[in-house]
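Beneath this line is the structure, given in structure tokens, with notes to follow.
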Amino acid sequence: MKNIRSKKLDTQVAHAGTNPDKTYGAVAPPIYQTSTFKFSSAEQGAKRFSGEEPGFIYTRLGNPTTAALQEAVAILEKGTDALATASGMAAVSTIYMTFLDAGSHMIASEAIYGPSRVVVEKEFSRFGVEFDFVDTSDIEEVKNAIRPNTKLIFIETPANPTIKLTDIKVCADIAHSNGAVLAVDNTFMSPILQNPFDFDADIVLHSMTKYINGHTDVVGGILVFNDKNLMIRTRKVLFNLGGTIDPHQAWLVLRGLRTLSLRVYKAQANAQIIAEFLETHPKVEWVRYPGLKSHPHYELAKKQMHGFGSMISFEVKGGVEGGRTVMNNVELATLAVSLGGYETLIQHPASMTHSAMNKQDKIDAGITDGLVRISIGCEDVRDIQDDLENSLSKI
Ligand code: PLP
């Protein structure tokens with residue numbers, strides 16, 4: 001479709017990345033399940049390698065199916081380019097590897113996806129990378145953490161699993177006035193509900209395992225850029241490290257993406273109802289959902305998000321035991337990690353997704369033992385509510 005960037009969001013979701021004129025009329029982009037590409041001559045091969053002639057070389061370095069997915073996500077995120085990766089963590093670690101050297105410093109949200117933090121503390125520290133994990137929802141903490149060698153600010157907003165929000169624009173300004181780049185993990189929002197480039201972020205990343213694919217059957221990640229130089233710098237690292245996506249995986253994600261906005265809107269409508277239900281429930285201590293007025297960052301949510309999403313954290317009465325009772329008694333909600341699929345998933349961050357963090361860091365980050373995280377799906381909301389009501393009654 002011509003001028004897809006000028007179309008409305010739902011039209012972009014339906015059509016971005018497709019080009020039937022280039023694929024023998026195939027309406028759905030084909031899977032180019034090949035590891036390598038033939039050159040018509042030795043001269044052409046040399047020109048492809050030198051970059052003089054565009055074209056595919058070898059699937060780790062690019063593939064038409066992967067390119068279709070990258071184009072689609074870049075359009076939805078309002079970026080210029082994207083690099084799809086084998087997993088969300090491949091996207092995260094590629095960013096760290098690209099922008100952090102021995103002796104450089106990174107600032108990140110203290111409550112981010114567990115491995116995004118642990119890989120810095122345990123692995124990048126071995127190469128002399130310095131870091132501070134702070135409460136980025138408090139801008140003073142970000143300012144105070146800045147050092148002359150800060151090269152990267154990495155935020156997740158909403159943060160996993162505390163659902164705290166960080167002001168993207170303010171962090172971008174702090175990063176830029178100190179010569180650093182700002183990367184935003186936008187997994188919880190998907191490109192439908194938040195576009196960090198609107199607030200001057202430099203890199204947006206997603207675990208496509210979550211909303212973008214949305215069918216709980218593929219692992220994948222993506223990095224989106226709106227600056228060619230940053231993309232080229234990152235691409236070199238990604239191609240050499242090898243964390244690129246496989247074409248079949250890319251094709252499945254592209255298929256899932258076609259219903260992204262439908263799923264996101266439906267799950268979000270359900271989540272608002274469930275959050276309000278939980279907030280008034282006698283067995284619930286507190287609920288964190290950006291669409292509740294009680295959320296400390298409700299005003300920021302309205303400013304930088306197009307909707308409140310479908311991730312809810314809550315603490316039930318009775319601490320760990322109470323949480324365990326809920327998780328062991330749900331029937332419709334599935335007790336499993338991950339999020340952003342068509343189905344409702346429930347999990348216990350302290351003992352599951354964030355278990356590798358040390359105890360004090362979890363306490364400091366607000367990941368309490370009684371915190372339960374729920375990813376609301378697209379089921380009939382009355383069934384989700386009945387399921388939670390029933391399991392809460394067992395406390
Ligand atoms: N970022 C966030 C916010 C996540 O929730 C996850 C996974 O749960 C990741 C990154 C890592 O993604 P993946 O599991 O696809 O490697």
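Convention: chains lettered A, B, ... in structure tokens order; per-chain residue numbering from 1; ligands numbered from 1 as shown.
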From range 239-360 of chain A, collect each residue whose DSSP state is helix (DSSP H, G or I) and return the set as JSON, numbers by chain. {"A": [239, 240, 241, 247, 248, 249, 250, 251, 252, 253, 254, 255, 256, 257, 260, 261, 262, 263, 264, 265, 266, 267, 268, 269, 270, 271, 272, 273, 274, 275, 276, 277, 278, 279, 298, 299, 300, 301, 302, 303, 304, 319, 320, 321, 322, 323, 324, 325, 326, 327, 328, 329, 359, 360]}
Could you give me the residues within 10 Å of ligand 1, counting only C-alpha atoms and all ligand atoms, as JSON, numbers by chain? {"A": [85, 86, 87, 88, 89, 90, 91, 92, 93, 111, 112, 113, 114, 115, 116, 155, 156, 157, 158, 159, 160, 161, 184, 185, 186, 187, 188, 189, 205, 206, 207, 208, 209, 210, 218, 219, 220, 221, 222, 337, 338, 339, 340, 353, 354]}
Quick one: pick out all strand (DSSP E) residues within range 183-262 of chain A from a backbone DSSP run and write them as a PDB file with N, CA and C atoms, in the first residue's frame.
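Listed below is the output, states.pdb:
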ATOM      1  N   ALA A 183      17.140   4.418  25.849  1.00  0.00           N
ATOM      2  CA  ALA A 183      16.436   3.262  25.275  1.00  0.00           C
ATOM      3  C   ALA A 183      15.208   2.985  26.141  1.00  0.00           C
ATOM      4  N   VAL A 184      14.074   2.746  25.489  1.00  0.00           N
ATOM      5  CA  VAL A 184      12.834   2.482  26.223  1.00  0.00           C
ATOM      6  C   VAL A 184      12.318   1.093  25.865  1.00  0.00           C
ATOM      7  N   ASP A 185      12.143   0.261  26.879  1.00  0.00           N
ATOM      8  CA  ASP A 185      11.499  -1.032  26.667  1.00  0.00           C
ATOM      9  C   ASP A 185       9.990  -0.771  26.696  1.00  0.00           C
ATOM     10  N   ILE A 203      15.987   4.853  21.164  1.00  0.00           N
ATOM     11  CA  ILE A 203      15.780   3.456  20.756  1.00  0.00           C
ATOM     12  C   ILE A 203      14.539   2.943  21.490  1.00  0.00           C
ATOM     13  N   VAL A 204      13.701   2.229  20.754  1.00  0.00           N
ATOM     14  CA  VAL A 204      12.532   1.597  21.374  1.00  0.00           C
ATOM     15  C   VAL A 204      12.698   0.098  21.182  1.00  0.00           C
ATOM     16  N   LEU A 205      12.458  -0.657  22.234  1.00  0.00           N
ATOM     17  CA  LEU A 205      12.560  -2.099  22.036  1.00  0.00           C
ATOM     18  C   LEU A 205      11.333  -2.811  22.583  1.00  0.00           C
ATOM     19  N   HIS A 206      11.133  -3.994  22.021  1.00  0.00           N
ATOM     20  CA  HIS A 206      10.005  -4.830  22.439  1.00  0.00           C
ATOM     21  C   HIS A 206      10.455  -6.270  22.562  1.00  0.00           C
ATOM     22  N   SER A 207       9.886  -6.947  23.542  1.00  0.00           N
ATOM     23  CA  SER A 207       9.860  -8.395  23.474  1.00  0.00           C
ATOM     24  C   SER A 207       8.622  -8.680  22.620  1.00  0.00           C
ATOM     25  N   GLY A 221      12.138 -10.570  19.489  1.00  0.00           N
ATOM     26  CA  GLY A 221      12.324  -9.203  19.983  1.00  0.00           C
ATOM     27  C   GLY A 221      12.563  -8.262  18.825  1.00  0.00           C
ATOM     28  N   ILE A 222      12.557  -6.963  19.117  1.00  0.00           N
ATOM     29  CA  ILE A 222      12.827  -5.999  18.047  1.00  0.00           C
ATOM     30  C   ILE A 222      13.379  -4.704  18.640  1.00  0.00           C
ATOM     31  N   LEU A 223      14.283  -4.076  17.859  1.00  0.00           N
ATOM     32  CA  LEU A 223      14.838  -2.763  18.209  1.00  0.00           C
ATOM     33  C   LEU A 223      14.394  -1.790  17.128  1.00  0.00           C
ATOM     34  N   VAL A 224      13.860  -0.646  17.529  1.00  0.00           N
ATOM     35  CA  VAL A 224      13.383   0.330  16.545  1.00  0.00           C
ATOM     36  C   VAL A 224      14.175   1.630  16.729  1.00  0.00           C
ATOM     37  N   PHE A 225      14.482   2.275  15.605  1.00  0.00           N
ATOM     38  CA  PHE A 225      15.318   3.490  15.611  1.00  0.00           C
ATOM     39  C   PHE A 225      14.648   4.577  14.802  1.00  0.00           C
TER      40      PHE A 225
END
Taking only residues of range 254-360 of chain A that have an atom at most 12 Å from an atom of range 133-144 of chain A, what is each one's shortest atom pair and its distance in Å to one decimal, using only C-alpha atoms, in chain and number order, as JSON lines?
{"residue": "A:Pro296", "atom": "CA", "partner": "A:Ser137", "partner_atom": "CA", "distance": 9.9}
{"residue": "A:His297", "atom": "CA", "partner": "A:Ser137", "partner_atom": "CA", "distance": 8.5}
{"residue": "A:Leu300", "atom": "CA", "partner": "A:Ser137", "partner_atom": "CA", "distance": 10.1}
{"residue": "A:Ala301", "atom": "CA", "partner": "A:Ser137", "partner_atom": "CA", "distance": 11.8}
{"residue": "A:Met357", "atom": "CA", "partner": "A:Phe133", "partner_atom": "CA", "distance": 11.9}
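For the atom pair formed by CA of Tyr298 in chain A and CA of Lys169 in chain A, the distance is 16.2 Å, given to one decimal.
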Need to verify the contact set: Asp81 in chain A, 9 Å, only C-alpha atoms, exclusion of same-chain residues closer than 5 positions in sequence. Can you return it as a PyMOL selection string? chain A and resi 70-71+73-75+223-228+231
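For range 152-154 of chain A, the residues within 6 Å (counting only C-alpha atoms, excluding itself and residues fewer than 4 positions away along the chain) are Met106, Ile107, Ala108, Ala180, Val181, Leu182, Ala183 and Val184 of chain A.
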Include N, CA and C atoms and write out the residues we just selected as a short mmCIF file (atom, residue, chain, number, x, y, z; two decimals), in the first residue's frame.
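Output below, filename selection.cif:
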data_model
loop_
_atom_site.label_atom_id
_atom_site.label_comp_id
_atom_site.auth_asym_id
_atom_site.auth_seq_id
_atom_site.Cartn_x
_atom_site.Cartn_y
_atom_site.Cartn_z
N MET A 106 25.82 2.93 33.10
CA MET A 106 24.42 2.88 32.64
C MET A 106 23.50 3.14 33.83
N ILE A 107 22.41 3.83 33.54
CA ILE A 107 21.36 4.04 34.56
C ILE A 107 20.13 3.31 34.06
N ALA A 108 19.47 2.56 34.94
CA ALA A 108 18.24 1.87 34.51
C ALA A 108 17.22 1.88 35.64
N ALA A 180 24.34 10.91 26.43
CA ALA A 180 23.96 9.49 26.51
C ALA A 180 22.75 9.23 25.61
N VAL A 181 22.43 7.95 25.38
CA VAL A 181 21.23 7.63 24.62
C VAL A 181 20.17 7.07 25.58
N LEU A 182 18.92 7.28 25.19
CA LEU A 182 17.81 6.74 25.99
C LEU A 182 17.16 5.59 25.23
N ALA A 183 17.14 4.42 25.85
CA ALA A 183 16.44 3.26 25.27
C ALA A 183 15.21 2.98 26.14
N VAL A 184 14.07 2.75 25.49
CA VAL A 184 12.83 2.48 26.22
C VAL A 184 12.32 1.09 25.87
#
Pick out the closest residue to Thr36 in chain A from this set: A:Pro247, A:Gly128, A:Gly79, A:Gly366. Count only C-alpha atoms. A:Pro247
Of A:Leu278, A:Ile31, A:Val237, A:Ala172, the one nearest to Tyr96 in chain A when counting only C-alpha atoms is A:Val237
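In this model, the gap between CA of Ala201 in chain A and CA of Ser6 in chain A comes to 21.5 Å.
When only C-alpha atoms are used to compute distances to Gly318 in chain A, the closest of the residues A:Pro282, A:Gly214, A:Pro191, A:Pro148 turns out to be A:Pro282.
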Need the shell around Asp387 in chain A: protein/DNA/RNA residues with any atom at most 9 Å away, counting only C-alpha atoms. Skip same-chain ones fewer than 5 positions apart. Format as a ChimeraX atom specification? /A:329-333,382,392
Export, as a PDB file, in the first residue's frame, the selected residues with C-alpha atoms.
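Now in again-v2.pdb:
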ATOM      1  CA  ASN A 329      -7.147 -21.564  42.760  1.00  0.00           C
ATOM      2  CA  VAL A 330      -7.574 -19.759  39.454  1.00  0.00           C
ATOM      3  CA  GLU A 331      -9.072 -21.886  36.707  1.00  0.00           C
ATOM      4  CA  LEU A 332      -9.446 -19.580  33.721  1.00  0.00           C
ATOM      5  CA  ALA A 333      -6.318 -17.485  34.323  1.00  0.00           C
ATOM      6  CA  ARG A 382     -17.276 -11.654  33.340  1.00  0.00           C
ATOM      7  CA  LEU A 392      -9.875 -14.600  46.301  1.00  0.00           C
TER       8      LEU A 392
END
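In this comparison, which uses only C-alpha atoms, the residue of A:Thr162, A:Leu241, A:Gln33, A:Glu53 approaching His348 in chain A most closely is A:Thr162.
Checking A:Ile274, A:Ile312, A:Val381, A:Ala42 one by one against Gln347 in chain A, counting only C-alpha atoms, you find the shortest gap at A:Ile312.
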Restricting to only C-alpha atoms, whichever of A:Asn229, A:Asn213, A:Gln268, A:Ser177 is closest to Arg255 in chain A is A:Asn213
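By chain and then residue number, the residues within 10 Å of Leu193 in chain A are Glu77, Asn186, Phe188, Ser261, Val264, Tyr265, Gln268, Gln304, Met305, His306, Gly307, Phe308 and Gly309 of chain A, counting only C-alpha atoms and disregarding those fewer than 5 positions away in sequence.
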